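Below you'll find the structure, written out as structure tokens, and then a few comments.
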Amino acid sequence: MDCSLVRTLVHRYCAGEEECVDSRTVYVGHREPPPGAEAYIPQRCPDNRIVSSKYTFWNFIPKNLFEQFRRIANFYFLIIFLVQLIIDTPTSPVTSGLPLFFVITVTAIKQGYEDWLRHKADSAVNQCPVHFVQHGRLVRKQSRKLRVGDIVMVKEDETFPCDLIFLSSSRVDGTCHVTTASLDGESSHKTHYAVQDTKGFHTEEDMDSLHATIECEQPQPDLYRFVGRINVYSDLNDPVVRPLGSENLLLRGATLKNTEKIFGVAIYTGMETKMALNYQSKSQKRSAVEKSMNVFLIVYLCILISKALINTVMKYVWQSEPFRDEPWYNQKTEAERQRNLFLRAFTDFLAFMVLFNYIIPVSMYVTVEMQKFLGSYFITWDEEMFDEETGEGPLVNTSDLNEELGQVEYVFTDKTGTLTENNMEFKECCVEGHVYVPHAICNGQVLPAAAAIDMIDASPGAGGREREELFFRAVCLCHTIQVKDGDEADGPRKSPDSGRRCVYISASPDEVALVEGVQRELTPRDIKQLPQSHTARKRLGFTYLRLKDNYMELQNRGNDIERFELLEILSFDSVRRRMSVIVKSATGEIYLFCKGADSSIFPRVIEGKVDQIRSRVERNAVEGLRTLCVAYKRLIQEEYEGICKLLQAAKVALQDRERKLAEAYEQIEKDLILLGATAVEDRLQEKAADTIEALQKAGIKVWVLTGDKMETAAAACYACKLFRRNTQLLEVTTKRLEEQSLHDVLFELSKTILHCGASLTRDNFSGLSADTQDYGLIIDGAALSLIMKPREDGSSSSYRELFLDICRNCSAVLCCRMAPLQKAQIVKLIKFSKERPITLAIGDGANDVSMILEAHVGIGIVGKEGRQAARNSDYAIPKFKHLKKMLLVHGHFYYIRISELVQYFFYKNVCFIFPQFLYQFFCGFSQQTLYDTAYLTLYNISFTSLPVLLYSLMEQHVAMDTLKRDPALYRDIAKNALLRWRVFIYWTFLGVFDALVFFFGAYFMFENTTVTSNGQMFGNWTFGTLVFTVMVFTVTLKLALDTHYWTWINHVVIWGSLLFYVVFSLLWGGIIWPFLNYQRMYYVFIQMLSSGPAWLAIVLLVVVSLLPDVLKKVLCRQLWPSATEKVQTACLVSGPPLGSHPLASL
Amino acid sequence: MAMNYNAKDEVDGGPPCAPGGTAKNRRPDNTAFKQQRLPAWQPILTAGTVLPTFFIIGLIFIPIGIGIFVTSNNIREIEIDYTGTDPASPCNKCLSPNVTPCICTINFTLEQSFEGNVFMYYGLSNFYQNHRRYVKSRDDSQLNGDPSALLNPSKECEPYRRNEDKPIAPCGAIANSMFNDTLDLFLVGNESDPTPIPLKKKGIAWWTDKNVKFRNPPGADIPLEERFKGTTKPVNWVKPVYMLDPDEDNSGFINEDFIVWMRTAALPTFRKLYRLIERKNDLHPTLPAGRYYLNITYNYPVHSFDGRKRMILSTISWMGGKNPFLGIAYIAIGSISFLLGVVLLVINHKYRNSSNTADITI
């Protein structure tokens, strides 16, 4: 006692240490435990206020500004702005301050608005009324006043105000149904169970008398995991300790369904609820384009600094003669003269930096972000990617990765639910070597597979019959299905054989298929051949009715109801790959039924017709069916009690509960007797094969990662044309590794591949090498973990490298028997291999989340296994077939668009700033600007921004249909082709060339001569305006030349922005602006236009600037056309293409 | 939502089940814009389409170039350097600051007569009117006649803002360094008596500058001197601004010589319009061929910064003064474009067959 008191005190005073306590204790209803019970450490817990908003009214401005300036780009512009404010710089602070202010304000308003919405939502949530139990009465209070330990009552269709431990429900059996649609999007009802010892407390008064404490772990974000225990004290007995799991926990955000009311005790409140903890944002993924953009930015930063340095040095060299530094007509002020030389040089350097800083434009970030944000709408709007059946369209969770969709080199796809429909259909079952098929299908049809060969006896004997019934019972009992009464269901479906309406609901579609399968009339295939088919007509089905008061009821063939007491469920997990139930029959016999993957069942079987069933299972697997094996074990009472103890110990453990449970399961599920096997078909998704073929043509390597067994997966791969008939399969499987060492296998394979590899690389130039050998690799999880395991001698990488080498040369890879984490491991392995390829992972289930998060682009399929994958993905699509359009069309477009956007932005700013740099050589390196302030400010904001933004939203260099028909076009942009150094340098040099043309064109025009017909002279501002005008026209027309898709919007924006420039210039020079302290632009533009040579010069210089680019384009297209260009030309010749295309056969 | 075998049979037949109810609302609109199917013109730059453009550019540019070149060549222009750095030059004596006022005379001959209006420029070299410190050293409000700016010029004018506690009008380095040589032109006739050429000093500045941008301080009836009361002249000036010209319409800030000077040149070598020599009538050339002399009141020091001073006489065409650049550039670009057209034609012809057949055979 003393000891704990000290600890309590220590904890009181060292609040920081609270983090270290790994469990929390809750007094239910704030009642202290009876004296003598173990003392607990009281902990402070937050109230139930949900704060999803980031700002408050007071801290919005400073905090938001801080957040915004944490971005490198904004910070850079802030520095430039501050430099302009502090030192005497050539341009006024307005020129950089205004755009920055604009960007910051717009972002702040957007974020502020979003935060306001969040505030509103928060207060709505925090103030909604909640029923408390207080002193035996119900009290209504605001939700935010809820505290840990309060007992709460929730009525039907209400959402839970915090995370609750489910104490009791109005239902007799102490269950309630819950939907977690707002948490993970799963709309199915889930059953939760009240704590055994408290489920009798039905009224407020009862609740008030409850005396219990709950120990549970500290808040964790994992929605599906919870461990805790409850101690219920009563006056009579010792405290009862019960384990608590996630089935006892009701999460905030979930909604109570089909249950009148429940009582629960709050254990996590406010920001500590699992829902709130899940709000935390995911790690940011950055696209390859963004990375190259940042590299280019660094290059430009270097150019900027070197320009400034060159000019600073030149300035001081040039000024070394005093008459240049300070001629009589242009003297410095006293203060300037006395300034320290180094300080002066430094400020000069800064001033040059400011002068040239436009080379890295603020607006690029804004435009890129707008492009991404607006552009992503085209995905959500896409009608072709909308699925009628489910009513789901594509979702864009992040728009940062749009262009990455055009760069994918590896696609990792899940099989079940992604390639296949995850719409399970019971095909057959095999009991003791007898094959049964659903009556409905086999009746009158010729079955594709020949009748089983090894059928021993035509009619099963008495023992066989018993086994057979046991098998069906096992299938009926060994599951976690809930039965929902038809009238309660939102989509009423009638089970045809049972008289009443009922719907089975389960997390696993296989289970539903099985239970429904055995409920139908089954025909033993070997009996079918007999003339008296009435034997087949007999009801063979067992119907699972419901789980009531821990008794599972099922209707047997004789329409009798059998009741089994459900003793334990050893639930399914993907590591064990099996599940078991322990039931007690009406006669008091205790059975353990186990159902699972063959690989996890066979090793545990000691009896049964293993060989026959194994051969049947393998046959089915080859046909692409999902197989499960069923086994049982009879337990005697003592055994069962041992098991109970074992499980209880593991379940009550607070730490390592998973591991302990797994160990316990391992011990329990052994020495089984094999009953039979089932086969369930999972049909391929429509157009899966077509999609995979297109992706492969596009140069994308498709890997299938699945937890299924090898044969099933391989069959699916053949069906979806991942493997073709001429594909030579290489296997690295556990089976093979039993014969040979991993080392030998890998070297042998690499030899096989590299033998042909030489010819393969040669053929790579000619595009698809159709006649060379295609390789497909099959590897299983166990072999993979061997490869990934570092070797003892430390040379860890060698197997990996070898493996990667093999993979690189295979057109398709199938990884089967993969655990979720292994999927992510594979993705990671490829992602960080030598070439750093761009990877895409697509999947639909919770087991794909890790790989979706790991890959560069994660795509979730809004599937049957819930929305977890879709929630964690970057993009979600309804069907696998939509991936084709997503990558080949949208990805391609986005990549083309953004790469042009990035290159063009740099180009136009080189054009903008390089004349400025050249001008320094003619103005004594005095940082005199060439252009007027208004032009400096508006060039990037309004004169040249809209056309490129619109281009980057609308451009379609090739028609959408052509892209879809010709997947090979995707190869043209592979490996970031449009942002390679070569291309970047070309654009930069084009910019420099154009800048030279503008500047020296104007220079020779103005040099020592008159250009007006009245003899009057122009000054420096006219000179700058001429350069600027030529520039705006050239830069806009350059974009016009690059535009391949001229809609009316493009016309309006391109010609409109030129018109805007002219109108603005007329206006800007047409008035004496009273708020300006200089009038240097007054009539400059108009005077310039009044001079004939200026017009001639503008036309000439624009033509000269555009000429090389046009020439380059035409020559490249003519002499070295890319596939895309060929298609474009072909379209031009033949008009809109119809039917087959010349390149389609490539 | 578990969909099972039996349920599916129903679903296939009937309308989509439960979630399908919302399908209608969530279905994206089938508009051309949202589906990225707006009707569009899809031009492609191919040799075929570009070829004619190249030829057309060639055909248009070459004649224009020739036209400009001929026009430029017809312009008469003479440039006389009177800096006096050459010891033989008559103005050499003026290099020493002791001789004030220094008047020198330079003789020159016009080989050909100048017809039409003739424009007289002064040109300076190595004079950085475009230096930043210089360009900004002015106060446009003051020059616009703003009374408060007149007495309190902008800080940008430093160190030419105040002199002896009085604001300078016009302030700033530009105004302070105004060109102040006086140039007079005489035609040496047959006799010993030279004829002075009438030089017009109005109309050399932009009309908008003279009438809008530059204004004297307000007060229509008050004499100009009164209006500038409280200010002092720029340090280097001999006379205050209101005495630049006896004519009140050309004095003060609206003096045209001043306005011309205030328009800072773009490059360190520049010329500025000094005077107009208007043509008398169609019969006589404005400046007949013959001997002339230029009378210079040499005030403006350029020697200290290695500068040059020139006087330029030039006729003007519709496209301004003599400038061969534009004509040559047009001819050159026209020819290049024409040449490229020919090259492309050859390439197009040579490769068209192969590419076409390739398309067919693939």
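Letters A, B, ... go to the chains of the structure tokens in the order shown; residues in each chain start at 1; ligands are counted from 1 in the same order.
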Quick one: residues within 10 Å of region 630-634 of chain A, only C-alpha atoms counted, chain neighbours fewer than 6 positions away excluded, as a PyMOL selection string?
-> chain A and resi 430-431+470-472+474-475+478+578-584+589-598+601-602+604-605+607-608+640+669-678
Might you pull out every residue within 12 Å of Thr315 (chain B), with only C-alpha atoms counted and same-chain residues fewer than 6 positions away left off, and present them as a count of residues only?
-> 35
Residues within 8 Å of region 225-229 of chain B, only C-alpha atoms, excluding chain neighbours under 5 positions, as JSON, numbers by chain | {"B": [150, 169, 216, 217, 218, 219, 242]}
Restricted to N, CA and C atoms, what would the selected residues look like written as a compact mmCIF listing (two decimals), in the first residue's frame?
```
# COMPACT_ATOMS: atom_id res chain seq x y z
N LEU B 150 7.03 70.18 -54.27
CA LEU B 150 7.97 71.21 -54.71
C LEU B 150 8.86 71.64 -53.55
N ALA B 169 14.69 72.66 -56.83
CA ALA B 169 13.67 72.42 -57.84
C ALA B 169 14.31 72.66 -59.21
N ASN B 216 4.29 73.17 -64.41
CA ASN B 216 4.85 74.13 -63.45
C ASN B 216 3.95 74.17 -62.23
N PRO B 217 4.48 74.65 -61.11
CA PRO B 217 3.64 74.78 -59.92
C PRO B 217 2.44 75.65 -60.22
N PRO B 218 1.30 75.41 -59.55
CA PRO B 218 0.05 76.10 -59.91
C PRO B 218 0.12 77.61 -59.66
N GLY B 219 -0.83 78.28 -60.26
CA GLY B 219 -0.90 79.75 -60.16
C GLY B 219 -0.74 80.33 -61.54
N TYR B 242 13.15 78.53 -63.55
CA TYR B 242 12.17 79.43 -64.19
C TYR B 242 12.82 80.41 -65.16
```
Can you list, as a ChimeraX atom specification, every protein, DNA or RNA residue that comes within 9 Å of region 773-784 of chain A when you count only C-alpha atoms, leaving out same-chain residues fewer than 3 positions away?
-> /A:707,709-710,714,722-724,726-734,737,742,753,756,760,769-770,787-789,806-807,809-819,822,826
